[in-house]
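Q: Contents of data.pdb (PDB, C-alpha atoms and all ligand atoms):
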```
ATOM      1  CA  MET G   1     -80.436-198.186  18.081
ATOM      2  CA  GLY G   2     -79.223-201.759  18.402
ATOM      3  CA  ASN G   3     -78.984-204.444  21.035
ATOM      4  CA  LEU G   4     -75.677-204.784  22.894
ATOM      5  CA  ASP G   5     -76.704-207.645  25.174
ATOM      6  CA  GLY G   6     -73.686-209.553  26.476
ATOM      7  CA  LYS G   7     -71.140-207.377  24.677
ATOM      8  CA  THR G   8     -68.057-205.926  26.379
ATOM      9  CA  ILE G   9     -67.184-202.434  25.196
ATOM     10  CA  ILE G  10     -64.275-200.126  26.019
ATOM     11  CA  ILE G  11     -65.022-196.388  25.801
ATOM     12  CA  THR G  12     -62.244-193.780  26.030
ATOM     13  CA  GLY G  13     -62.897-190.333  27.475
ATOM     14  CA  GLY G  14     -65.945-191.865  29.165
ATOM     15  CA  GLY G  15     -65.938-189.566  32.206
ATOM     16  CA  LYS G  16     -67.887-186.715  30.651
ATOM     17  CA  GLY G  17     -69.444-185.304  27.496
ATOM     18  CA  GLN G  18     -70.218-187.670  24.649
ATOM     19  CA  GLY G  19     -68.204-190.500  26.201
ATOM     20  CA  ALA G  20     -70.299-190.446  29.389
ATOM     21  CA  ALA G  21     -73.521-190.424  27.327
ATOM     22  CA  GLU G  22     -72.252-193.441  25.386
ATOM     23  CA  VAL G  23     -71.431-195.309  28.609
ATOM     24  CA  LYS G  24     -75.038-194.819  29.764
ATOM     25  CA  LEU G  25     -76.606-195.737  26.421
ATOM     26  CA  ALA G  26     -74.461-198.886  26.033
ATOM     27  CA  THR G  27     -75.259-199.986  29.577
ATOM     28  CA  ASN G  28     -78.985-199.513  28.945
ATOM     29  CA  LEU G  29     -78.649-201.655  25.817
ATOM     30  CA  GLY G  30     -77.155-204.528  27.836
ATOM     31  CA  ALA G  31     -73.394-204.039  27.429
ATOM     32  CA  LYS G  32     -70.729-204.307  30.062
ATOM     33  CA  VAL G  33     -68.687-201.144  29.664
ATOM     34  CA  VAL G  34     -65.090-200.517  30.605
ATOM     35  CA  VAL G  35     -65.098-196.784  31.290
ATOM     36  CA  THR G  36     -61.729-195.109  30.742
ATOM     37  CA  ASP G  37     -60.469-191.530  31.009
ATOM     38  CA  VAL G  38     -57.701-189.351  32.399
ATOM     39  CA  LEU G  39     -60.354-187.723  34.637
ATOM     40  CA  ASP G  40     -60.403-190.349  37.383
ATOM     41  CA  ASP G  41     -63.082-188.729  39.580
ATOM     42  CA  GLU G  42     -65.539-188.235  36.715
ATOM     43  CA  GLY G  43     -64.766-191.646  35.214
ATOM     44  CA  ASN G  44     -65.200-193.452  38.523
ATOM     45  CA  GLN G  45     -68.474-191.665  39.150
ATOM     46  CA  ILE G  46     -69.980-192.635  35.773
ATOM     47  CA  ALA G  47     -68.777-196.207  36.235
ATOM     48  CA  GLU G  48     -70.345-196.358  39.699
ATOM     49  CA  GLU G  49     -73.646-194.820  38.514
ATOM     50  CA  THR G  50     -73.940-197.346  35.684
ATOM     51  CA  GLY G  51     -72.566-200.409  37.516
ATOM     52  CA  ASN G  52     -69.462-200.661  35.339
ATOM     53  CA  VAL G  53     -65.711-200.763  35.950
ATOM     54  CA  TYR G  54     -63.352-197.806  35.541
ATOM     55  CA  HIS G  55     -59.733-197.808  34.373
ATOM     56  CA  SER G  56     -57.496-194.784  34.228
ATOM     57  CA  LEU G  57     -56.255-194.518  30.628
ATOM     58  CA  ASP G  58     -54.257-191.812  28.913
ATOM     59  CA  VAL G  59     -54.836-192.819  25.284
ATOM     60  CA  THR G  60     -51.356-191.629  24.270
ATOM     61  CA  ASP G  61     -49.659-194.295  26.416
ATOM     62  CA  PRO G  62     -49.240-197.784  24.847
ATOM     63  CA  GLU G  63     -48.490-199.428  28.225
ATOM     64  CA  GLN G  64     -51.720-198.135  29.717
ATOM     65  CA  TRP G  65     -53.593-199.487  26.669
ATOM     66  CA  SER G  66     -52.003-202.882  27.292
ATOM     67  CA  ASP G  67     -53.112-202.818  30.938
ATOM     68  CA  VAL G  68     -56.702-201.933  30.022
ATOM     69  CA  VAL G  69     -56.928-204.642  27.346
ATOM     70  CA  ASN G  70     -55.375-207.295  29.633
ATOM     71  CA  SER G  71     -57.658-206.510  32.540
ATOM     72  CA  THR G  72     -60.737-206.364  30.281
ATOM     73  CA  VAL G  73     -59.955-209.811  28.862
ATOM     74  CA  SER G  74     -59.222-211.147  32.327
ATOM     75  CA  ASP G  75     -62.495-209.713  33.767
ATOM     76  CA  PHE G  76     -64.855-210.377  30.856
ATOM     77  CA  GLY G  77     -63.085-212.851  28.561
ATOM     78  CA  ARG G  78     -63.566-210.782  25.405
ATOM     79  CA  ILE G  79     -63.700-207.324  23.792
ATOM     80  CA  ASP G  80     -66.597-206.784  21.391
ATOM     81  CA  GLY G  81     -66.373-203.053  20.899
ATOM     82  CA  LEU G  82     -64.072-200.069  21.228
ATOM     83  CA  VAL G  83     -65.147-196.437  21.028
ATOM     84  CA  ASN G  84     -62.137-194.175  20.447
ATOM     85  CA  ASN G  85     -63.903-191.082  21.771
ATOM     86  CA  ALA G  86     -61.214-189.231  23.784
ATOM     87  CA  GLY G  87     -60.145-186.011  22.140
ATOM     88  CA  ILE G  88     -58.907-182.478  22.606
ATOM     89  CA  PHE G  89     -59.506-179.302  20.592
ATOM     90  CA  GLY G  90     -57.123-176.492  19.654
ATOM     91  CA  HIS G  91     -57.967-173.268  17.774
ATOM     92  CA  GLY G  92     -54.574-172.543  16.288
ATOM     93  CA  GLY G  93     -54.047-172.106  12.541
ATOM     94  CA  ILE G  94     -50.893-171.802  10.451
ATOM     95  CA  LEU G  95     -50.270-168.243  11.684
ATOM     96  CA  ASP G  96     -51.000-168.656  15.364
ATOM     97  CA  SER G  97     -50.239-172.220  16.458
ATOM     98  CA  ASP G  98     -46.898-173.766  17.286
ATOM     99  CA  ILE G  99     -45.435-177.206  16.849
ATOM    100  CA  GLU G 100     -45.966-178.180  20.497
ATOM    101  CA  GLN G 101     -49.720-177.484  20.280
ATOM    102  CA  PHE G 102     -49.899-179.283  16.928
ATOM    103  CA  LYS G 103     -48.070-182.362  18.254
ATOM    104  CA  LYS G 104     -50.201-182.533  21.408
ATOM    105  CA  ILE G 105     -53.434-182.630  19.395
ATOM    106  CA  ILE G 106     -52.039-185.254  17.003
ATOM    107  CA  ASP G 107     -50.812-187.277  19.971
ATOM    108  CA  VAL G 108     -54.231-187.531  21.664
ATOM    109  CA  ASN G 109     -56.615-187.532  18.701
ATOM    110  CA  GLN G 110     -54.645-189.450  16.066
ATOM    111  CA  ILE G 111     -52.029-191.535  17.868
ATOM    112  CA  GLY G 112     -54.482-192.273  20.706
ATOM    113  CA  THR G 113     -56.939-193.682  18.145
ATOM    114  CA  TYR G 114     -54.197-195.685  16.414
ATOM    115  CA  LEU G 115     -53.009-197.136  19.747
ATOM    116  CA  GLY G 116     -56.560-198.090  20.714
ATOM    117  CA  MET G 117     -57.164-199.951  17.459
ATOM    118  CA  ALA G 118     -53.751-201.651  17.701
ATOM    119  CA  ALA G 119     -54.398-202.696  21.305
ATOM    120  CA  VAL G 120     -57.787-204.366  20.757
ATOM    121  CA  ALA G 121     -57.256-205.761  17.244
ATOM    122  CA  PRO G 122     -55.356-208.949  18.254
ATOM    123  CA  ILE G 123     -58.142-209.882  20.694
ATOM    124  CA  MET G 124     -60.837-209.204  18.098
ATOM    125  CA  VAL G 125     -58.871-211.199  15.492
ATOM    126  CA  SER G 126     -58.725-214.181  17.854
ATOM    127  CA  GLN G 127     -62.509-213.886  18.395
ATOM    128  CA  MET G 128     -63.131-213.321  14.652
ATOM    129  CA  SER G 129     -65.468-210.460  15.601
ATOM    130  CA  GLY G 130     -65.489-206.884  16.777
ATOM    131  CA  SER G 131     -66.636-203.349  16.078
ATOM    132  CA  ILE G 132     -64.439-200.260  16.405
ATOM    133  CA  VAL G 133     -66.013-196.807  16.289
ATOM    134  CA  ASN G 134     -63.649-193.857  15.902
ATOM    135  CA  ILE G 135     -64.937-190.405  16.774
ATOM    136  CA  SER G 136     -63.724-187.973  14.161
ATOM    137  CA  SER G 137     -65.561-184.685  13.492
ATOM    138  CA  ILE G 138     -66.975-182.601  10.667
ATOM    139  CA  ALA G 139     -63.460-181.105  10.937
ATOM    140  CA  GLY G 140     -62.365-184.382   9.325
ATOM    141  CA  MET G 141     -64.584-183.676   6.297
ATOM    142  CA  ARG G 142     -63.780-180.069   5.443
ATOM    143  CA  GLY G 143     -61.041-177.525   6.078
ATOM    144  CA  ARG G 144     -61.250-174.885   8.802
ATOM    145  CA  LYS G 145     -58.598-172.775  10.492
ATOM    146  CA  ALA G 146     -57.874-175.149  13.418
ATOM    147  CA  ILE G 147     -55.105-176.983  11.593
ATOM    148  CA  GLY G 148     -53.913-179.453  14.239
ATOM    149  CA  TYR G 149     -57.457-180.486  15.077
ATOM    150  CA  GLY G 150     -58.388-180.746  11.400
ATOM    151  CA  ALA G 151     -55.275-182.786  10.604
ATOM    152  CA  SER G 152     -55.985-185.175  13.474
ATOM    153  CA  LYS G 153     -59.645-185.675  12.557
ATOM    154  CA  TRP G 154     -58.892-186.219   8.843
ATOM    155  CA  ALA G 155     -56.340-188.783  10.007
ATOM    156  CA  VAL G 156     -58.925-190.556  12.167
ATOM    157  CA  ARG G 157     -61.224-190.776   9.155
ATOM    158  CA  GLY G 158     -58.403-192.111   6.963
ATOM    159  CA  MET G 159     -57.090-194.608   9.532
ATOM    160  CA  THR G 160     -60.639-195.911   9.937
ATOM    161  CA  LYS G 161     -60.712-196.890   6.268
ATOM    162  CA  CYS G 162     -57.191-198.416   6.415
ATOM    163  CA  ALA G 163     -58.162-200.514   9.439
ATOM    164  CA  ALA G 164     -61.495-201.541   7.903
ATOM    165  CA  ASN G 165     -59.582-202.838   4.893
ATOM    166  CA  GLU G 166     -57.014-204.703   6.948
ATOM    167  CA  LEU G 167     -59.382-206.216   9.513
ATOM    168  CA  GLY G 168     -62.470-206.975   7.432
ATOM    169  CA  SER G 169     -61.504-210.575   6.736
ATOM    170  CA  TYR G 170     -61.486-211.180  10.518
ATOM    171  CA  ASN G 171     -65.097-209.980  10.744
ATOM    172  CA  ILE G 172     -63.979-206.780  12.460
ATOM    173  CA  ARG G 173     -65.857-203.652  11.403
ATOM    174  CA  VAL G 174     -64.296-200.179  11.704
ATOM    175  CA  ASN G 175     -66.286-196.975  11.153
ATOM    176  CA  SER G 176     -66.073-193.284  11.974
ATOM    177  CA  ILE G 177     -68.586-190.823  13.386
ATOM    178  CA  HIS G 178     -68.434-187.129  12.512
ATOM    179  CA  PRO G 179     -70.219-184.925  15.040
ATOM    180  CA  GLY G 180     -71.008-181.274  14.347
ATOM    181  CA  ALA G 181     -71.746-178.806  17.163
ATOM    182  CA  ILE G 182     -72.500-181.016  20.166
ATOM    183  CA  GLU G 183     -73.389-179.678  23.625
ATOM    184  CA  THR G 184     -70.339-180.596  25.720
ATOM    185  CA  ASP G 185     -67.490-178.726  27.408
ATOM    186  CA  MET G 186     -65.583-178.861  24.118
ATOM    187  CA  LEU G 187     -68.291-176.779  22.412
ATOM    188  CA  SER G 188     -68.856-174.388  25.323
ATOM    189  CA  GLY G 189     -65.094-173.747  25.329
ATOM    190  CA  LEU G 190     -65.538-171.981  21.968
ATOM    191  CA  GLY G 191     -67.514-169.138  23.593
ATOM    192  CA  ASP G 192     -71.038-167.867  22.943
ATOM    193  CA  ALA G 193     -70.242-165.736  19.874
ATOM    194  CA  THR G 194     -68.609-168.639  18.004
ATOM    195  CA  ILE G 195     -71.311-171.100  19.056
ATOM    196  CA  ASN G 196     -74.076-168.749  17.874
ATOM    197  CA  ARG G 197     -72.338-168.259  14.532
ATOM    198  CA  LEU G 198     -71.824-172.011  14.145
ATOM    199  CA  VAL G 199     -75.396-172.909  15.075
ATOM    200  CA  SER G 200     -76.890-170.233  12.806
ATOM    201  CA  ASN G 201     -75.331-172.137   9.878
ATOM    202  CA  VAL G 202     -76.903-175.454  10.926
ATOM    203  CA  PRO G 203     -79.953-176.192   8.729
ATOM    204  CA  MET G 204     -81.745-177.598  11.787
ATOM    205  CA  GLN G 205     -80.918-174.325  13.631
ATOM    206  CA  ARG G 206     -79.725-175.967  16.836
ATOM    207  CA  SER G 207     -76.780-177.773  18.369
ATOM    208  CA  GLY G 208     -76.884-181.533  18.974
ATOM    209  CA  THR G 209     -76.892-183.513  22.202
ATOM    210  CA  PRO G 210     -74.365-186.152  23.276
ATOM    211  CA  ASP G 211     -77.176-188.739  23.112
ATOM    212  CA  GLU G 212     -77.826-187.891  19.449
ATOM    213  CA  VAL G 213     -74.219-188.827  18.647
ATOM    214  CA  GLY G 214     -74.355-191.774  21.045
ATOM    215  CA  THR G 215     -77.300-193.429  19.301
ATOM    216  CA  ALA G 216     -75.323-193.539  16.032
ATOM    217  CA  VAL G 217     -72.358-195.024  17.911
ATOM    218  CA  MET G 218     -74.610-197.690  19.483
ATOM    219  CA  PHE G 219     -75.936-198.691  16.072
ATOM    220  CA  LEU G 220     -72.411-199.198  14.708
ATOM    221  CA  LEU G 221     -71.438-201.248  17.784
ATOM    222  CA  SER G 222     -74.470-203.483  17.415
ATOM    223  CA  ASP G 223     -74.970-206.517  15.170
ATOM    224  CA  GLU G 224     -77.644-204.527  13.314
ATOM    225  CA  ALA G 225     -74.721-202.858  11.523
ATOM    226  CA  SER G 226     -73.278-206.271  10.613
ATOM    227  CA  TYR G 227     -72.348-205.358   7.003
ATOM    228  CA  ILE G 228     -71.324-201.747   7.612
ATOM    229  CA  SER G 229     -67.570-201.128   7.663
ATOM    230  CA  GLY G 230     -65.112-198.498   6.473
ATOM    231  CA  THR G 231     -67.763-195.818   6.293
ATOM    232  CA  GLU G 232     -68.737-192.663   8.112
ATOM    233  CA  ILE G 233     -71.829-191.236   9.734
ATOM    234  CA  VAL G 234     -72.152-187.457  10.001
ATOM    235  CA  VAL G 235     -74.232-186.251  12.986
ATOM    236  CA  ASP G 236     -74.420-182.488  12.466
ATOM    237  CA  GLY G 237     -78.024-181.372  11.808
ATOM    238  CA  GLY G 238     -77.135-180.905   8.143
ATOM    239  CA  LEU G 239     -74.259-178.444   8.696
ATOM    240  CA  ILE G 240     -71.878-179.744   6.031
ATOM    241  CA  ALA G 241     -74.619-180.767   3.598
TER     242      ALA G 241
HETATM  243  N1  LIG Q   1     -68.435-181.347  21.174
HETATM  244  C1  LIG Q   1     -68.333-181.178  19.874
HETATM  245  O1  LIG Q   1     -68.921-180.229  19.336
HETATM  246  C2  LIG Q   1     -67.527-182.137  19.024
HETATM  247  C3  LIG Q   1     -67.641-182.025  17.637
HETATM  248  C4  LIG Q   1     -66.946-182.912  16.824
HETATM  249  C5  LIG Q   1     -66.170-183.913  17.389
HETATM  250  N2  LIG Q   1     -66.069-183.991  18.747
HETATM  251  C6  LIG Q   1     -65.255-185.083  19.271
HETATM  252  O2  LIG Q   1     -66.025-185.854  20.169
HETATM  253  C7  LIG Q   1     -65.176-186.497  21.120
HETATM  254  C8  LIG Q   1     -65.716-186.296  22.517
HETATM  255  O3  LIG Q   1     -65.597-184.917  22.874
HETATM  256  P1  LIG Q   1     -66.673-184.162  23.803
HETATM  257  O4  LIG Q   1     -67.448-183.285  22.928
HETATM  258  O5  LIG Q   1     -67.391-185.141  24.652
HETATM  259  O6  LIG Q   1     -65.693-183.232  24.668
HETATM  260  P2  LIG Q   1     -65.255-183.277  26.200
HETATM  261  O7  LIG Q   1     -64.140-182.294  26.293
HETATM  262  O8  LIG Q   1     -66.434-183.114  27.079
HETATM  263  O9  LIG Q   1     -64.695-184.760  26.419
HETATM  264  C9  LIG Q   1     -63.452-185.176  25.972
HETATM  265  C10 LIG Q   1     -63.031-186.367  26.805
HETATM  266  O10 LIG Q   1     -61.747-186.827  26.355
HETATM  267  C11 LIG Q   1     -60.930-187.050  27.498
HETATM  268  N3  LIG Q   1     -59.511-186.958  27.180
HETATM  269  C12 LIG Q   1     -58.798-185.875  26.774
HETATM  270  N4  LIG Q   1     -57.504-186.192  26.630
HETATM  271  C13 LIG Q   1     -57.385-187.515  26.933
HETATM  272  C14 LIG Q   1     -56.308-188.438  26.969
HETATM  273  N5  LIG Q   1     -55.049-188.057  26.658
HETATM  274  N6  LIG Q   1     -56.558-189.731  27.322
HETATM  275  C15 LIG Q   1     -57.819-190.113  27.639
HETATM  276  N7  LIG Q   1     -58.869-189.287  27.648
HETATM  277  C16 LIG Q   1     -58.659-187.997  27.296
HETATM  278  C17 LIG Q   1     -61.373-185.946  28.461
HETATM  279  O11 LIG Q   1     -60.927-186.199  29.783
HETATM  280  C18 LIG Q   1     -62.875-186.005  28.292
HETATM  281  O12 LIG Q   1     -63.461-187.002  29.096
HETATM  282  C19 LIG Q   1     -63.779-185.912  20.875
HETATM  283  O13 LIG Q   1     -63.013-186.808  20.102
HETATM  284  C20 LIG Q   1     -64.063-184.645  20.095
HETATM  285  O14 LIG Q   1     -62.953-184.248  19.301
HETATM  286  C21 LIG Q   1     -66.722-183.125  19.568
END
```
So, in terms of structure tokens, how does the structure I just supplied come out?
A:
Amino acid sequence: MGNLDGKTIIITGGGKGQGAAEVKLATNLGAKVVVTDVLDDEGNQIAEETGNVYHSLDVTDPEQWSDVVNSTVSDFGRIDGLVNNAGIFGHGGILDSDIEQFKKIIDVNQIGTYLGMAAVAPIMVSQMSGSIVNISSIAGMRGRKAIGYGASKWAVRGMTKCAANELGSYNIRVNSIHPGAIETDMLSGLGDATINRLVSNVPMQRSGTPDEVGTAVMFLLSDEASYISGTEIVVDGGLIA
């Protein structure tokens, strides 16, 4: 899974779901984690449980990104990893979504990921090292009705490759992870009928756990992935195969 000894890692949406699992895994692998979220109670609790610090961060706000990066550098002297995990889902398609819903999803999932990369990149450039892991989705690899979500997750996948190209010469790696049906509030929000239909199409005939995504994220953060950049790992039990 990789050794993260001595590394400082910022994780967005770290208060629950996959983000919280990643905070725990990274801590167990030796990292100091800066836990961030808009859910201050949940974020503080995970930070306390794991002996890490918590910062309130709405990923759509560039000033809040600046504050988190400045305080991370001031507390730990460096930023080795960023996991752009925060995200929201929306069902709407062409016929039943509106521009406000579409913009909101793009704002959090796409612009939030862009702002995160832009905020940490100068620090990583000055260190000549870093690993950024962007959480996309299988919705960023195929088309389904949820058009805002799909657009945002395709964008995350595309921006990952743009950033990998731009930042590679500074020894900064940028990769994306594409989870399938993972057992968090986001999945349970789809309702039992949809989940059962989704899972029945998974070759492995089950949903995945946050830890199963987290282990792939840890690998990409670690030096074991030292020559892996601009690529994607699908964690979906074979669903899109
Ligand atoms: N659960 C799945 O089946 C699944 C599948 C594919 C991709 N994903 C992606 O995985 C990531 C994690 O989702 P999850 O499954 O843990 O869901 P979740 O709903 O449990 O967690 C999402 C987290 O993002 C945070 N968040 C939302 N808006 C934010 C904002 N503006 N600023 C900062 N934080 C914000 C939430 O507070 C929460 O902590 C998301 O990017 C999601 O799109 C999830």
Q: What lies within 7 Å of Asp5 of chain G using all atoms listed in the file, ignoring chain neighbours under 5 positions off, as a list in words?
A: Leu29, Gly30 and Ala31 of chain G
Q: Select the residues contacting ligand LIG 1 (chain Q) at a distance of at most 7 Å, based on only C-alpha atoms and all ligand atoms, then format the selection as a PyMOL selection string.
A: chain G and resi 12-19+37-39+57-60+85-89+108-109+135-138+178-187
Q: Next, dump the selected residues to file, keeping only C-alpha atoms, as a PDB file, keeping the file's coordinate frame.
A:
```pdb
ATOM      1  CA  THR G  12     -62.244-193.780  26.030  1.00  0.00           C
ATOM      2  CA  GLY G  13     -62.897-190.333  27.475  1.00  0.00           C
ATOM      3  CA  GLY G  14     -65.945-191.865  29.165  1.00  0.00           C
ATOM      4  CA  GLY G  15     -65.938-189.566  32.206  1.00  0.00           C
ATOM      5  CA  LYS G  16     -67.887-186.715  30.651  1.00  0.00           C
ATOM      6  CA  GLY G  17     -69.444-185.304  27.496  1.00  0.00           C
ATOM      7  CA  GLN G  18     -70.218-187.670  24.649  1.00  0.00           C
ATOM      8  CA  GLY G  19     -68.204-190.500  26.201  1.00  0.00           C
ATOM      9  CA  ASP G  37     -60.469-191.530  31.009  1.00  0.00           C
ATOM     10  CA  VAL G  38     -57.701-189.351  32.399  1.00  0.00           C
ATOM     11  CA  LEU G  39     -60.354-187.723  34.637  1.00  0.00           C
ATOM     12  CA  LEU G  57     -56.255-194.518  30.628  1.00  0.00           C
ATOM     13  CA  ASP G  58     -54.257-191.812  28.913  1.00  0.00           C
ATOM     14  CA  VAL G  59     -54.836-192.819  25.284  1.00  0.00           C
ATOM     15  CA  THR G  60     -51.356-191.629  24.270  1.00  0.00           C
ATOM     16  CA  ASN G  85     -63.903-191.082  21.771  1.00  0.00           C
ATOM     17  CA  ALA G  86     -61.214-189.231  23.784  1.00  0.00           C
ATOM     18  CA  GLY G  87     -60.145-186.011  22.140  1.00  0.00           C
ATOM     19  CA  ILE G  88     -58.907-182.478  22.606  1.00  0.00           C
ATOM     20  CA  PHE G  89     -59.506-179.302  20.592  1.00  0.00           C
ATOM     21  CA  VAL G 108     -54.231-187.531  21.664  1.00  0.00           C
ATOM     22  CA  ASN G 109     -56.615-187.532  18.701  1.00  0.00           C
ATOM     23  CA  ILE G 135     -64.937-190.405  16.774  1.00  0.00           C
ATOM     24  CA  SER G 136     -63.724-187.973  14.161  1.00  0.00           C
ATOM     25  CA  SER G 137     -65.561-184.685  13.492  1.00  0.00           C
ATOM     26  CA  ILE G 138     -66.975-182.601  10.667  1.00  0.00           C
ATOM     27  CA  HIS G 178     -68.434-187.129  12.512  1.00  0.00           C
ATOM     28  CA  PRO G 179     -70.219-184.925  15.040  1.00  0.00           C
ATOM     29  CA  GLY G 180     -71.008-181.274  14.347  1.00  0.00           C
ATOM     30  CA  ALA G 181     -71.746-178.806  17.163  1.00  0.00           C
ATOM     31  CA  ILE G 182     -72.500-181.016  20.166  1.00  0.00           C
ATOM     32  CA  GLU G 183     -73.389-179.678  23.625  1.00  0.00           C
ATOM     33  CA  THR G 184     -70.339-180.596  25.720  1.00  0.00           C
ATOM     34  CA  ASP G 185     -67.490-178.726  27.408  1.00  0.00           C
ATOM     35  CA  MET G 186     -65.583-178.861  24.118  1.00  0.00           C
ATOM     36  CA  LEU G 187     -68.291-176.779  22.412  1.00  0.00           C
TER      37      LEU G 187
END
```
Q: Grab the atom CA of Met124 of chain G to atom CA of Ala21 of chain G distance for me, in Å with one decimal place.
A: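 Between atom CA of Met124 of chain G and atom CA of Ala21 of chain G the gap works out to 24.5 Å.
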Q: Could you pull the residues within 6 Å of Val83 of chain G, counting only C-alpha atoms, minus those fewer than 4 positions along the same chain, as a compact mmCIF listing (two decimals) with C-alpha atoms, in the coordinates of the input?
A:
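Done, and the output landed in around.txt:
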```txt
# COMPACT_ATOMS: atom_id res chain seq x y z
CA ILE G 11 -65.02 -196.39 25.80
CA VAL G 133 -66.01 -196.81 16.29
CA ASN G 134 -63.65 -193.86 15.90
```
Q: State, in Å with one decimal place, the distance from atom CA of Pro203 of chain G to atom CA of Ala241 of chain G.
A: 8.7 Å
Q: May I have the residues within 8 Å of segment 75-79 of chain G as JSON, numbers by chain, using only C-alpha atoms and disregarding those fewer than 3 positions away in the same chain?
A: {"G": [7, 8, 9, 10, 71, 72, 82, 120, 123, 124, 127, 130]}
Q: Starting from the shown file, work through the PyMOL selection byres (((chain G and resi 217-219) around 10) and not hetatm) and note down what comes out as a PyMOL selection string.
A: chain G and resi 1-4+22-23+25-26+29+81+83+132-135+175-177+211-216+220-226+233
Q: Take the PyMOL selection byres (((chain G and resi 161) around 8) and not hetatm), run it mentally on this structure, and tell me the resulting residues as a ChimeraX atom specification.
A: /G:157-160,162-165,174-175,230-231
Q: Just how far from atom CA of Glu42 of chain G is atom CA of Thr27 of chain G, in Å to one decimal?
A: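 We find that atom CA of Thr27 of chain G and atom CA of Glu42 of chain G lie 16.8 Å from each other.
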Q: Under the rule that all atoms listed in the file are counted, which of G:Gly92, G:Ala151, G:Asp67, G:Gly140 is the nearest residue to Asp107 of chain G?
A: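 Using all atoms listed in the file, the shortest distance to Asp107 of chain G belongs to G:Ala151.
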Q: Between G:Glu63, G:Glu232, G:Glu166, G:Asp80, which one has atoms that come closest to Met128 of chain G, using all atoms listed in the file?
A: G:Asp80
Q: Please write as a ChimeraX atom specification the full residue list that the PyMOL selection byres (((chain G and resi 45-50) around 7) and not hetatm) yields on this file.
A: /G:15,20,24,27,35,41-44,51-54
Q: Nearest to Val68 of chain G: which of G:Val34, G:Met117, G:Val234, G:Ala155 is it, counting all atoms listed in the file?
A: G:Val34
Q: Restricting the calculation to all atoms listed in the file: of G:Ser207, G:Asn70, G:Ser229, G:Asn84, which residue gets closest to Ile111 of chain G?
A: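 Of G:Ser207, G:Asn70, G:Ser229, G:Asn84, the one nearest Ile111 of chain G is G:Asn84, counting all atoms listed in the file.
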Q: With distances taken over only C-alpha atoms, which of G:Leu115, G:Val69, G:Ile172, G:Val156 is nearest to Met141 of chain G?
A: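 Comparing G:Leu115, G:Val69, G:Ile172, G:Val156 against Met141 of chain G, the winner is G:Val156.
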Q: In terms of the shortest atom-to-atom distance over only C-alpha atoms, which of G:Thr36, G:Thr209, G:Ser152, G:Ser97 is closest to Gln64 of chain G?
A: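 So, comparing all the options, the nearest one is G:Thr36.
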